[in-house]
$ cat start_25.cif   # mmCIF, C-alpha atoms, pLDDT in the B column; chains and numbers go by the auth columns
data_protein
#
loop_
_atom_site.group_PDB
_atom_site.id
_atom_site.type_symbol
_atom_site.label_atom_id
_atom_site.label_comp_id
_atom_site.label_asym_id
_atom_site.label_seq_id
_atom_site.Cartn_x
_atom_site.Cartn_y
_atom_site.Cartn_z
_atom_site.B_iso_or_equiv
_atom_site.auth_seq_id
_atom_site.auth_asym_id
ATOM 1 C CA GLU A 1 118.193 -80.341 49.054 77.00 1344 A
ATOM 2 C CA PRO A 2 116.727 -77.148 47.574 81.00 1345 A
ATOM 3 C CA GLU A 3 118.030 -76.239 44.140 92.00 1346 A
ATOM 4 C CA VAL A 4 117.719 -73.582 41.482 96.00 1347 A
ATOM 5 C CA THR A 5 115.834 -74.754 38.412 96.00 1348 A
ATOM 6 C CA GLN A 6 115.838 -73.315 34.902 97.00 1349 A
ATOM 7 C CA THR A 7 113.618 -73.791 31.868 96.00 1350 A
ATOM 8 C CA PRO A 8 113.989 -74.553 29.086 96.00 1351 A
ATOM 9 C CA SER A 9 117.219 -76.524 29.122 95.00 1352 A
ATOM 10 C CA HIS A 10 117.766 -75.772 25.436 96.00 1353 A
ATOM 11 C CA GLN A 11 116.264 -73.149 23.152 97.00 1354 A
ATOM 12 C CA VAL A 12 116.818 -72.531 19.463 97.00 1355 A
ATOM 13 C CA THR A 13 115.542 -69.269 18.017 97.00 1356 A
ATOM 14 C CA GLN A 14 115.838 -67.140 14.921 97.00 1357 A
ATOM 15 C CA MET A 15 117.785 -63.903 14.983 97.00 1358 A
ATOM 16 C CA GLY A 16 115.512 -60.999 15.865 97.00 1359 A
ATOM 17 C CA GLN A 17 113.081 -63.099 17.904 97.00 1360 A
ATOM 18 C CA GLU A 18 112.324 -62.518 21.553 97.00 1361 A
ATOM 19 C CA VAL A 19 113.215 -65.195 24.099 98.00 1362 A
ATOM 20 C CA ILE A 20 112.344 -65.555 27.757 97.00 1363 A
ATOM 21 C CA LEU A 21 114.526 -67.690 29.981 98.00 1364 A
ATOM 22 C CA ARG A 22 112.956 -68.797 33.223 97.00 1365 A
ATOM 23 C CA CYS A 23 114.433 -69.547 36.618 97.00 1366 A
ATOM 24 C CA VAL A 24 112.998 -70.650 39.936 96.00 1367 A
ATOM 25 C CA PRO A 25 115.433 -69.588 42.674 96.00 1368 A
ATOM 26 C CA ILE A 26 115.690 -71.314 46.043 94.00 1369 A
ATOM 27 C CA SER A 27 112.618 -70.272 47.987 91.00 1370 A
ATOM 28 C CA ASN A 28 114.136 -68.351 50.918 89.00 1371 A
ATOM 29 C CA HIS A 29 116.758 -66.592 48.787 92.00 1372 A
ATOM 30 C CA LEU A 30 116.489 -62.867 48.243 92.00 1373 A
ATOM 31 C CA TYR A 31 119.250 -62.136 45.711 93.00 1374 A
ATOM 32 C CA PHE A 32 119.057 -63.326 42.116 95.00 1375 A
ATOM 33 C CA TYR A 33 121.574 -63.253 39.305 96.00 1376 A
ATOM 34 C CA TRP A 34 121.960 -64.000 35.615 97.00 1377 A
ATOM 35 C CA TYR A 35 125.280 -65.003 34.110 97.00 1378 A
ATOM 36 C CA ARG A 36 126.179 -66.173 30.634 97.00 1379 A
ATOM 37 C CA GLN A 37 128.946 -68.302 29.189 96.00 1380 A
ATOM 38 C CA ILE A 38 129.728 -68.169 25.496 96.00 1381 A
ATOM 39 C CA LEU A 39 131.092 -71.494 24.300 93.00 1382 A
ATOM 40 C CA GLY A 40 134.769 -71.831 25.199 91.00 1383 A
ATOM 41 C CA GLN A 41 134.827 -68.599 27.196 94.00 1384 A
ATOM 42 C CA LYS A 42 134.613 -67.691 30.847 94.00 1385 A
ATOM 43 C CA VAL A 43 131.407 -67.070 32.729 96.00 1386 A
ATOM 44 C CA GLU A 44 130.308 -63.411 32.658 95.00 1387 A
ATOM 45 C CA PHE A 45 128.027 -61.498 35.001 94.00 1388 A
ATOM 46 C CA LEU A 46 124.912 -59.972 33.459 96.00 1389 A
ATOM 47 C CA VAL A 47 122.713 -58.642 36.250 95.00 1390 A
ATOM 48 C CA SER A 48 121.817 -58.914 39.917 94.00 1391 A
ATOM 49 C CA PHE A 49 118.336 -58.338 41.308 93.00 1392 A
ATOM 50 C CA TYR A 50 117.111 -57.628 44.833 92.00 1393 A
ATOM 51 C CA ASN A 51 113.899 -56.292 46.303 88.00 1394 A
ATOM 52 C CA ASN A 52 112.216 -56.220 42.889 89.00 1395 A
ATOM 53 C CA GLU A 53 114.811 -54.081 41.218 91.00 1396 A
ATOM 54 C CA ILE A 54 118.139 -54.359 39.463 93.00 1397 A
ATOM 55 C CA SER A 55 120.958 -53.792 41.937 91.00 1398 A
ATOM 56 C CA GLU A 56 123.843 -54.084 39.494 91.00 1399 A
ATOM 57 C CA LYS A 57 124.299 -54.757 35.791 92.00 1400 A
ATOM 58 C CA SER A 58 127.214 -55.233 33.448 92.00 1401 A
ATOM 59 C CA GLU A 59 127.933 -53.428 30.202 91.00 1402 A
ATOM 60 C CA ILE A 60 126.669 -56.534 28.411 92.00 1403 A
ATOM 61 C CA PHE A 61 123.198 -55.989 29.881 94.00 1404 A
ATOM 62 C CA ASP A 62 122.018 -53.382 27.404 91.00 1405 A
ATOM 63 C CA ASP A 63 118.507 -52.268 26.442 92.00 1406 A
ATOM 64 C CA GLN A 64 117.698 -55.542 24.705 95.00 1407 A
ATOM 65 C CA PHE A 65 117.847 -57.366 28.041 96.00 1408 A
ATOM 66 C CA SER A 66 115.358 -57.149 30.882 96.00 1409 A
ATOM 67 C CA VAL A 67 114.681 -59.090 34.054 96.00 1410 A
ATOM 68 C CA GLU A 68 111.512 -59.559 35.996 94.00 1411 A
ATOM 69 C CA ARG A 69 110.150 -61.377 38.990 91.00 1412 A
ATOM 70 C CA PRO A 70 106.568 -61.786 37.786 84.00 1413 A
ATOM 71 C CA ASP A 71 105.388 -63.729 40.833 86.00 1414 A
ATOM 72 C CA GLY A 72 106.751 -65.026 44.107 77.00 1415 A
ATOM 73 C CA SER A 73 108.764 -67.823 42.586 86.00 1416 A
ATOM 74 C CA ASN A 74 109.908 -67.113 39.029 92.00 1417 A
ATOM 75 C CA PHE A 75 112.770 -64.920 37.870 95.00 1418 A
ATOM 76 C CA THR A 76 113.013 -64.294 34.132 97.00 1419 A
ATOM 77 C CA LEU A 77 115.529 -62.945 31.653 97.00 1420 A
ATOM 78 C CA LYS A 78 114.091 -61.542 28.436 97.00 1421 A
ATOM 79 C CA ILE A 79 116.116 -60.858 25.336 97.00 1422 A
ATOM 80 C CA ARG A 80 113.990 -58.665 23.094 95.00 1423 A
ATOM 81 C CA SER A 81 115.642 -59.081 19.717 94.00 1424 A
ATOM 82 C CA THR A 82 118.185 -61.847 19.721 96.00 1425 A
ATOM 83 C CA LYS A 83 121.495 -61.586 17.884 96.00 1426 A
ATOM 84 C CA LEU A 84 123.827 -64.338 16.776 97.00 1427 A
ATOM 85 C CA GLU A 85 126.264 -63.324 19.503 96.00 1428 A
ATOM 86 C CA ASP A 86 123.629 -63.986 22.181 97.00 1429 A
ATOM 87 C CA SER A 87 124.194 -67.701 21.656 98.00 1430 A
ATOM 88 C CA ALA A 88 125.491 -68.925 24.993 97.00 1431 A
ATOM 89 C CA MET A 89 124.668 -70.864 28.123 97.00 1432 A
ATOM 90 C CA TYR A 90 122.680 -68.689 30.508 98.00 1433 A
ATOM 91 C CA PHE A 91 122.911 -69.444 34.207 97.00 1434 A
ATOM 92 C CA CYS A 92 120.586 -68.217 36.905 97.00 1435 A
ATOM 93 C CA ALA A 93 121.853 -68.116 40.494 96.00 1436 A
ATOM 94 C CA SER A 94 120.429 -67.149 43.853 94.00 1437 A
ATOM 95 C CA SER A 95 121.742 -66.431 47.321 92.00 1438 A
ATOM 96 C CA GLU A 96 120.215 -65.820 50.720 91.00 1439 A
ATOM 97 C CA THR A 97 122.153 -62.607 51.276 86.00 1440 A
ATOM 98 C CA SER A 98 124.486 -60.547 49.137 81.00 1441 A
ATOM 99 C CA VAL A 99 127.578 -61.996 50.814 80.00 1442 A
ATOM 100 C CA GLN A 100 126.695 -65.686 50.899 82.00 1443 A
ATOM 101 C CA THR A 101 127.242 -68.561 48.504 89.00 1444 A
ATOM 102 C CA GLN A 102 125.464 -68.300 45.181 91.00 1445 A
ATOM 103 C CA TYR A 103 123.671 -71.433 44.032 94.00 1446 A
ATOM 104 C CA PHE A 104 123.569 -71.965 40.296 95.00 1447 A
ATOM 105 C CA GLY A 105 120.884 -73.491 38.138 96.00 1448 A
ATOM 106 C CA PRO A 106 121.732 -76.048 35.449 95.00 1449 A
ATOM 107 C CA GLY A 107 121.651 -73.430 32.700 96.00 1450 A
ATOM 108 C CA THR A 108 119.727 -72.786 29.491 97.00 1451 A
ATOM 109 C CA ARG A 109 121.651 -73.306 26.282 97.00 1452 A
ATOM 110 C CA LEU A 110 120.470 -70.671 23.792 98.00 1453 A
ATOM 111 C CA LEU A 111 121.282 -70.974 20.123 98.00 1454 A
ATOM 112 C CA VAL A 112 120.446 -68.062 17.826 97.00 1455 A
ATOM 113 C CA LEU A 113 120.369 -68.898 14.117 97.00 1456 A
ATOM 114 C CA LYS B 1 144.630 -57.341 32.116 59.00 548 B
ATOM 115 C CA ASN B 2 142.264 -59.942 33.522 68.00 549 B
ATOM 116 C CA GLU B 3 141.225 -59.346 37.114 89.00 550 B
ATOM 117 C CA VAL B 4 141.373 -63.084 37.830 95.00 551 B
ATOM 118 C CA GLU B 5 144.126 -65.340 36.538 96.00 552 B
ATOM 119 C CA GLN B 6 144.188 -69.088 37.048 97.00 553 B
ATOM 120 C CA SER B 7 147.003 -71.542 36.558 96.00 554 B
ATOM 121 C CA PRO B 8 147.464 -73.986 35.092 97.00 555 B
ATOM 122 C CA GLN B 9 144.880 -73.754 32.296 96.00 556 B
ATOM 123 C CA ASN B 10 144.968 -77.524 31.853 97.00 557 B
ATOM 124 C CA LEU B 11 146.140 -80.206 34.248 97.00 558 B
ATOM 125 C CA THR B 12 146.318 -83.952 33.706 97.00 559 B
ATOM 126 C CA ALA B 13 147.252 -86.240 36.577 97.00 560 B
ATOM 127 C CA GLN B 14 147.057 -89.852 37.659 97.00 561 B
ATOM 128 C CA GLU B 15 144.524 -91.095 40.143 97.00 562 B
ATOM 129 C CA GLY B 16 145.750 -90.594 43.689 97.00 563 B
ATOM 130 C CA GLU B 17 147.909 -87.560 42.979 97.00 564 B
ATOM 131 C CA PHE B 18 147.738 -84.360 45.025 98.00 565 B
ATOM 132 C CA ILE B 19 146.370 -81.531 42.886 98.00 566 B
ATOM 133 C CA THR B 20 146.909 -77.795 43.258 98.00 567 B
ATOM 134 C CA ILE B 21 145.146 -75.114 41.226 98.00 568 B
ATOM 135 C CA ASN B 22 146.138 -71.496 41.694 98.00 569 B
ATOM 136 C CA CYS B 23 144.202 -68.241 41.431 98.00 570 B
ATOM 137 C CA SER B 24 145.616 -64.708 41.515 97.00 571 B
ATOM 138 C CA TYR B 25 143.582 -61.544 41.444 95.00 572 B
ATOM 139 C CA SER B 26 144.418 -57.891 41.116 92.00 573 B
ATOM 140 C CA VAL B 27 141.725 -55.995 43.037 87.00 574 B
ATOM 141 C CA GLY B 28 140.423 -55.820 46.578 87.00 575 B
ATOM 142 C CA ILE B 29 137.767 -58.411 47.292 89.00 576 B
ATOM 143 C CA SER B 30 135.136 -59.240 49.866 88.00 577 B
ATOM 144 C CA ALA B 31 135.241 -62.960 49.086 91.00 578 B
ATOM 145 C CA LEU B 32 136.669 -65.517 46.694 94.00 579 B
ATOM 146 C CA HIS B 33 134.706 -68.469 45.354 95.00 580 B
ATOM 147 C CA TRP B 34 135.836 -71.798 43.987 97.00 581 B
ATOM 148 C CA LEU B 35 133.354 -73.495 41.667 97.00 582 B
ATOM 149 C CA GLN B 36 133.269 -76.729 39.727 97.00 583 B
ATOM 150 C CA GLN B 37 131.840 -77.028 36.224 95.00 584 B
ATOM 151 C CA HIS B 38 131.129 -80.493 34.858 90.00 585 B
ATOM 152 C CA PRO B 39 131.154 -81.431 31.153 84.00 586 B
ATOM 153 C CA GLY B 40 127.391 -80.994 30.957 81.00 587 B
ATOM 154 C CA GLY B 41 127.879 -77.361 31.925 82.00 588 B
ATOM 155 C CA GLY B 42 126.361 -77.220 35.392 89.00 589 B
ATOM 156 C CA ILE B 43 128.158 -75.106 38.002 94.00 590 B
ATOM 157 C CA VAL B 44 128.494 -76.155 41.627 93.00 591 B
ATOM 158 C CA SER B 45 129.814 -73.904 44.351 93.00 592 B
ATOM 159 C CA LEU B 46 132.634 -75.553 46.309 95.00 593 B
ATOM 160 C CA PHE B 47 133.915 -72.855 48.671 94.00 594 B
ATOM 161 C CA MET B 48 133.496 -69.224 49.549 93.00 595 B
ATOM 162 C CA LEU B 49 136.503 -67.741 51.367 92.00 596 B
ATOM 163 C CA SER B 50 137.364 -64.382 52.812 90.00 597 B
ATOM 164 C CA SER B 51 140.370 -65.496 54.851 92.00 598 B
ATOM 165 C CA GLY B 52 142.362 -68.532 55.927 94.00 599 B
ATOM 166 C CA LYS B 53 141.479 -72.036 54.898 96.00 600 B
ATOM 167 C CA LYS B 54 138.431 -74.247 54.393 96.00 601 B
ATOM 168 C CA LYS B 55 138.203 -78.013 53.998 97.00 602 B
ATOM 169 C CA HIS B 56 135.423 -80.188 52.648 95.00 603 B
ATOM 170 C CA GLY B 57 136.190 -83.862 52.222 96.00 604 B
ATOM 171 C CA ARG B 58 139.233 -84.171 49.970 97.00 605 B
ATOM 172 C CA LEU B 59 139.094 -80.526 48.912 97.00 606 B
ATOM 173 C CA ILE B 60 140.995 -77.750 50.641 98.00 607 B
ATOM 174 C CA ALA B 61 140.916 -74.060 49.730 98.00 608 B
ATOM 175 C CA THR B 62 143.273 -71.419 51.041 98.00 609 B
ATOM 176 C CA ILE B 63 143.515 -67.695 50.543 97.00 610 B
ATOM 177 C CA ASN B 64 146.212 -65.104 51.239 96.00 611 B
ATOM 178 C CA ILE B 65 144.549 -61.708 51.143 93.00 612 B
ATOM 179 C CA GLN B 66 147.817 -59.762 51.331 94.00 613 B
ATOM 180 C CA GLU B 67 149.265 -61.613 48.341 95.00 614 B
ATOM 181 C CA LYS B 68 145.921 -61.679 46.473 95.00 615 B
ATOM 182 C CA HIS B 69 146.264 -65.406 45.901 97.00 616 B
ATOM 183 C CA SER B 70 144.200 -68.511 46.521 98.00 617 B
ATOM 184 C CA SER B 71 144.796 -72.205 45.975 98.00 618 B
ATOM 185 C CA LEU B 72 142.475 -75.161 45.624 98.00 619 B
ATOM 186 C CA HIS B 73 143.934 -78.535 46.592 98.00 620 B
ATOM 187 C CA ILE B 74 142.525 -81.978 45.955 98.00 621 B
ATOM 188 C CA THR B 75 143.969 -84.855 47.941 97.00 622 B
ATOM 189 C CA ALA B 76 143.854 -88.469 46.694 97.00 623 B
ATOM 190 C CA SER B 77 142.455 -87.368 43.334 97.00 624 B
ATOM 191 C CA HIS B 78 139.932 -89.584 41.568 96.00 625 B
ATOM 192 C CA PRO B 79 138.663 -89.699 37.963 96.00 626 B
ATOM 193 C CA ARG B 80 135.328 -88.312 39.155 95.00 627 B
ATOM 194 C CA ASP B 81 137.197 -85.105 40.115 96.00 628 B
ATOM 195 C CA SER B 82 137.699 -84.433 36.399 96.00 629 B
ATOM 196 C CA ALA B 83 136.004 -81.107 35.676 97.00 630 B
ATOM 197 C CA VAL B 84 136.730 -77.434 35.115 97.00 631 B
ATOM 198 C CA TYR B 85 137.548 -75.610 38.342 98.00 632 B
ATOM 199 C CA ILE B 86 136.770 -71.912 38.357 97.00 633 B
ATOM 200 C CA CYS B 87 137.924 -69.162 40.670 97.00 634 B
ATOM 201 C CA ALA B 88 135.644 -66.136 40.990 96.00 635 B
ATOM 202 C CA ILE B 89 135.982 -62.970 43.052 94.00 636 B
ATOM 203 C CA ALA B 90 133.360 -60.789 44.679 89.00 637 B
ATOM 204 C CA GLY B 91 134.503 -57.188 44.975 76.00 638 B
ATOM 205 C CA GLY B 92 132.046 -55.925 47.535 65.00 639 B
ATOM 206 C CA ALA B 93 129.114 -55.708 45.176 65.00 640 B
ATOM 207 C CA GLN B 94 127.154 -58.820 44.429 74.00 641 B
ATOM 208 C CA LYS B 95 128.541 -59.710 41.046 85.00 642 B
ATOM 209 C CA LEU B 96 131.164 -62.390 40.606 90.00 643 B
ATOM 210 C CA VAL B 97 134.137 -61.928 38.267 93.00 644 B
ATOM 211 C CA PHE B 98 135.277 -65.272 36.944 95.00 645 B
ATOM 212 C CA GLY B 99 138.609 -66.695 35.951 96.00 646 B
ATOM 213 C CA GLN B 100 139.049 -68.665 32.777 96.00 647 B
ATOM 214 C CA GLY B 101 138.973 -71.988 34.620 96.00 648 B
ATOM 215 C CA THR B 102 141.377 -74.888 34.980 97.00 649 B
ATOM 216 C CA ARG B 103 140.489 -78.066 33.118 97.00 650 B
ATOM 217 C CA LEU B 104 141.452 -81.022 35.322 97.00 651 B
ATOM 218 C CA THR B 105 141.658 -84.567 33.984 97.00 652 B
ATOM 219 C CA ILE B 106 142.395 -87.435 36.355 97.00 653 B
ATOM 220 C CA ASN B 107 143.347 -90.664 34.634 97.00 654 B
ATOM 221 C CA PRO B 108 142.715 -94.016 36.314 95.00 655 B
#
$ encode --input "start_25.cif" --output "structure tokens"
Amino acid sequence: EPEVTQTPSHQVTQMGQEVILRCVPISNHLYFYWYRQILGQKVEFLVSFYNNEISEKSEIFDDQFSVERPDGSNFTLKIRSTKLEDSAMYFCASSETSVQTQYFGPGTRLLVL
Amino acid sequence: KNEVEQSPQNLTAQEGEFITINCSYSVGISALHWLQQHPGGGIVSLFMLSSGKKKHGRLIATINIQEKHSSLHITASHPRDSAVYICAIAGGAQKLVFGQGTRLTINP
């Protein structure tokens, strides 16, 4: 069964460093999403992406965040200058259309020291 | 006020019991999702509902749009059902707004 994959599974970085989280959505899906979950808290929406552009973003998704689909398969989330409060699990998801089930990747656990 | 409220926050039951988890929301929605999050953190989509009822194996999800309420039921619960169950709403745009989750523990 097709699945969303994410790399790396864990990343430790120093405050102020740039990180890139990578996702490979399901191949025939057209809508892509990033969510994050701070430890012990609920999952929060960051951004949705369709047709090579951001379709919606939350107030969390400020100028230090960016997303890109650099080729036909990868979907990336870049955090330019990480802060301690960026430590969280980051989930990528994809869906075939905007109103269908979203399939989640296994997540990348980011720790900022 | 949270847009999505789940109850209970924690639920412990014995194997075989019938389980009900509730979700209330405060805004108009296009769909409601039930998801399962295992201890390792991975999230699996269980149901997407816009009306009525859906069943998959021992899981049943219902929604009442007028009352802005949904329930997730598990029949003949089993220890492997132990997980966090999350309700999330889609308000017409693509983003999901998540509830806090219900931590379910099924004891053998």
$ resolve_selection --input "start_25.cif" --expression "the PyMOL selection byres ((chain A) within 10 of (chain B))" --output "number ranges by chain"
A: 1374-1378, 1380, 1383-1392, 1398-1401, 1432, 1434, 1436, 1438, 1440-1452
$ atom_distance --input "start_25.cif" --atom1 "atom CA of Pro1351 of chain A" --atom2 "atom CA of His585 of chain B"
19.0 Å
$ atom_distance --input "start_25.cif" --atom1 "atom CA of Thr559 of chain B" --atom2 "atom CA of Ile610 of chain B"
23.6 Å
$ residues_around --input "start_25.cif" --residues "segment 1454-1456 of chain A" --least-positions-apart "2" --cutoff "12 Å" --atoms "only C-alpha atoms" --output "number ranges by chain"
A: 1352-1362, 1381-1382, 1422, 1424-1433, 1451-1452
$ resolve_selection --input "start_25.cif" --expression "the PyMOL selection byres ((chain B and resi 620) around 10)" --output "JSON, numbers by chain"
{"B": [565, 566, 567, 568, 569, 602, 605, 606, 607, 608, 609, 618, 619, 621, 622, 623, 624]}
$ closest_residue --input "start_25.cif" --among "B:Trp581, B:His603, B:Ser598, B:Ile636" --to "Val551 of chain B" --atoms "all atoms listed in the file"
B:Ile636
$ resolve_selection --input "start_25.cif" --expression "the PyMOL selection byres ((chain B and resi 629) around 10)" --output "ChimeraX atom specification"
/B:558-560,583-586,624-628,630-632,650-654
$ residues_around --input "start_25.cif" --residues "Glu550 of chain B" --least-positions-apart "4" --cutoff "7 Å" --atoms "only C-alpha atoms" --output "list of chain:residue names"
B:Tyr572, B:Ser573, B:Val574
$ atom_distance --input "start_25.cif" --atom1 "atom CA of Leu1453 of chain A" --atom2 "atom CA of Pro1413 of chain A"
21.6 Å
$ residues_around --input "start_25.cif" --residues "His616 of chain B" --least-positions-apart "4" --cutoff "6 Å" --atoms "all atoms listed in the file" --output "PDB file with C-alpha atoms, in the coordinates of the input"
ATOM      1  CA  CYS B 570     144.202 -68.241  41.431  1.00 98.00           C
ATOM      2  CA  SER B 571     145.616 -64.708  41.515  1.00 97.00           C
ATOM      3  CA  ILE B 610     143.515 -67.695  50.543  1.00 97.00           C
ATOM      4  CA  ASN B 611     146.212 -65.104  51.239  1.00 96.00           C
TER       5      ASN B 611
END
$ closest_residue --input "start_25.cif" --among "A:Glu1346, A:Ile1369, A:Asn1394, A:Ile1363" --to "Gln1407 of chain A" --atoms "only C-alpha atoms"
A:Ile1363
$ build_atoms --input "start_25.cif" --residues "segment 1419-1435 of chain A" --atoms "N, CA, C and O atoms" --output "PDB file, keeping the file's coordinate frame"
ATOM      1  N   THR A1419     112.847 -64.111  35.576  1.00 97.00           N
ATOM      2  CA  THR A1419     113.013 -64.294  34.132  1.00 97.00           C
ATOM      3  C   THR A1419     114.026 -63.327  33.550  1.00 97.00           C
ATOM      4  O   THR A1419     114.205 -62.209  34.045  1.00 97.00           O
ATOM      5  N   LEU A1420     114.656 -63.782  32.467  1.00 97.00           N
ATOM      6  CA  LEU A1420     115.529 -62.945  31.653  1.00 97.00           C
ATOM      7  C   LEU A1420     114.930 -62.901  30.264  1.00 97.00           C
ATOM      8  O   LEU A1420     114.706 -63.940  29.644  1.00 97.00           O
ATOM      9  N   LYS A1421     114.647 -61.706  29.773  1.00 97.00           N
ATOM     10  CA  LYS A1421     114.091 -61.542  28.436  1.00 97.00           C
ATOM     11  C   LYS A1421     115.142 -60.893  27.538  1.00 97.00           C
ATOM     12  O   LYS A1421     115.774 -59.902  27.927  1.00 97.00           O
ATOM     13  N   ILE A1422     115.284 -61.477  26.371  1.00 97.00           N
ATOM     14  CA  ILE A1422     116.116 -60.858  25.336  1.00 97.00           C
ATOM     15  C   ILE A1422     115.174 -60.460  24.225  1.00 97.00           C
ATOM     16  O   ILE A1422     114.517 -61.317  23.621  1.00 97.00           O
ATOM     17  N   ARG A1423     115.062 -59.163  23.958  1.00 95.00           N
ATOM     18  CA  ARG A1423     113.990 -58.665  23.094  1.00 95.00           C
ATOM     19  C   ARG A1423     114.196 -59.028  21.623  1.00 95.00           C
ATOM     20  O   ARG A1423     113.273 -59.444  20.951  1.00 95.00           O
ATOM     21  N   SER A1424     115.364 -58.846  21.134  1.00 94.00           N
ATOM     22  CA  SER A1424     115.642 -59.081  19.717  1.00 94.00           C
ATOM     23  C   SER A1424     116.997 -59.769  19.635  1.00 94.00           C
ATOM     24  O   SER A1424     118.040 -59.111  19.646  1.00 94.00           O
ATOM     25  N   THR A1425     116.945 -61.084  19.578  1.00 96.00           N
ATOM     26  CA  THR A1425     118.185 -61.847  19.721  1.00 96.00           C
ATOM     27  C   THR A1425     119.132 -61.625  18.547  1.00 96.00           C
ATOM     28  O   THR A1425     118.712 -61.427  17.397  1.00 96.00           O
ATOM     29  N   LYS A1426     120.428 -61.691  18.880  1.00 96.00           N
ATOM     30  CA  LYS A1426     121.495 -61.586  17.884  1.00 96.00           C
ATOM     31  C   LYS A1426     122.280 -62.897  17.900  1.00 96.00           C
ATOM     32  O   LYS A1426     122.214 -63.660  18.874  1.00 96.00           O
ATOM     33  N   LEU A1427     123.021 -63.127  16.838  1.00 97.00           N
ATOM     34  CA  LEU A1427     123.827 -64.338  16.776  1.00 97.00           C
ATOM     35  C   LEU A1427     124.745 -64.458  17.989  1.00 97.00           C
ATOM     36  O   LEU A1427     124.931 -65.550  18.541  1.00 97.00           O
ATOM     37  N   GLU A1428     125.298 -63.322  18.398  1.00 96.00           N
ATOM     38  CA  GLU A1428     126.264 -63.324  19.503  1.00 96.00           C
ATOM     39  C   GLU A1428     125.623 -63.544  20.876  1.00 96.00           C
ATOM     40  O   GLU A1428     126.334 -63.621  21.877  1.00 96.00           O
ATOM     41  N   ASP A1429     124.304 -63.638  20.923  1.00 97.00           N
ATOM     42  CA  ASP A1429     123.629 -63.986  22.181  1.00 97.00           C
ATOM     43  C   ASP A1429     123.639 -65.482  22.440  1.00 97.00           C
ATOM     44  O   ASP A1429     123.231 -65.939  23.518  1.00 97.00           O
ATOM     45  N   SER A1430     124.101 -66.250  21.467  1.00 98.00           N
ATOM     46  CA  SER A1430     124.194 -67.701  21.656  1.00 98.00           C
ATOM     47  C   SER A1430     125.171 -67.998  22.776  1.00 98.00           C
ATOM     48  O   SER A1430     126.335 -67.583  22.735  1.00 98.00           O
ATOM     49  N   ALA A1431     124.693 -68.682  23.795  1.00 97.00           N
ATOM     50  CA  ALA A1431     125.491 -68.925  24.993  1.00 97.00           C
ATOM     51  C   ALA A1431     124.696 -69.823  25.930  1.00 97.00           C
ATOM     52  O   ALA A1431     123.516 -70.100  25.715  1.00 97.00           O
ATOM     53  N   MET A1432     125.359 -70.222  27.004  1.00 97.00           N
ATOM     54  CA  MET A1432     124.668 -70.864  28.123  1.00 97.00           C
ATOM     55  C   MET A1432     124.349 -69.755  29.119  1.00 97.00           C
ATOM     56  O   MET A1432     125.234 -68.961  29.478  1.00 97.00           O
ATOM     57  N   TYR A1433     123.107 -69.701  29.548  1.00 98.00           N
ATOM     58  CA  TYR A1433     122.680 -68.689  30.508  1.00 98.00           C
ATOM     59  C   TYR A1433     122.398 -69.372  31.847  1.00 98.00           C
ATOM     60  O   TYR A1433     121.596 -70.302  31.927  1.00 98.00           O
ATOM     61  N   PHE A1434     123.069 -68.885  32.877  1.00 97.00           N
ATOM     62  CA  PHE A1434     122.911 -69.444  34.207  1.00 97.00           C
ATOM     63  C   PHE A1434     122.174 -68.453  35.113  1.00 97.00           C
ATOM     64  O   PHE A1434     122.516 -67.273  35.151  1.00 97.00           O
ATOM     65  N   CYS A1435     121.227 -68.969  35.833  1.00 97.00           N
ATOM     66  CA  CYS A1435     120.586 -68.217  36.905  1.00 97.00           C
ATOM     67  C   CYS A1435     121.237 -68.660  38.215  1.00 97.00           C
ATOM     68  O   CYS A1435     121.649 -69.825  38.348  1.00 97.00           O
TER      69      CYS A1435
END
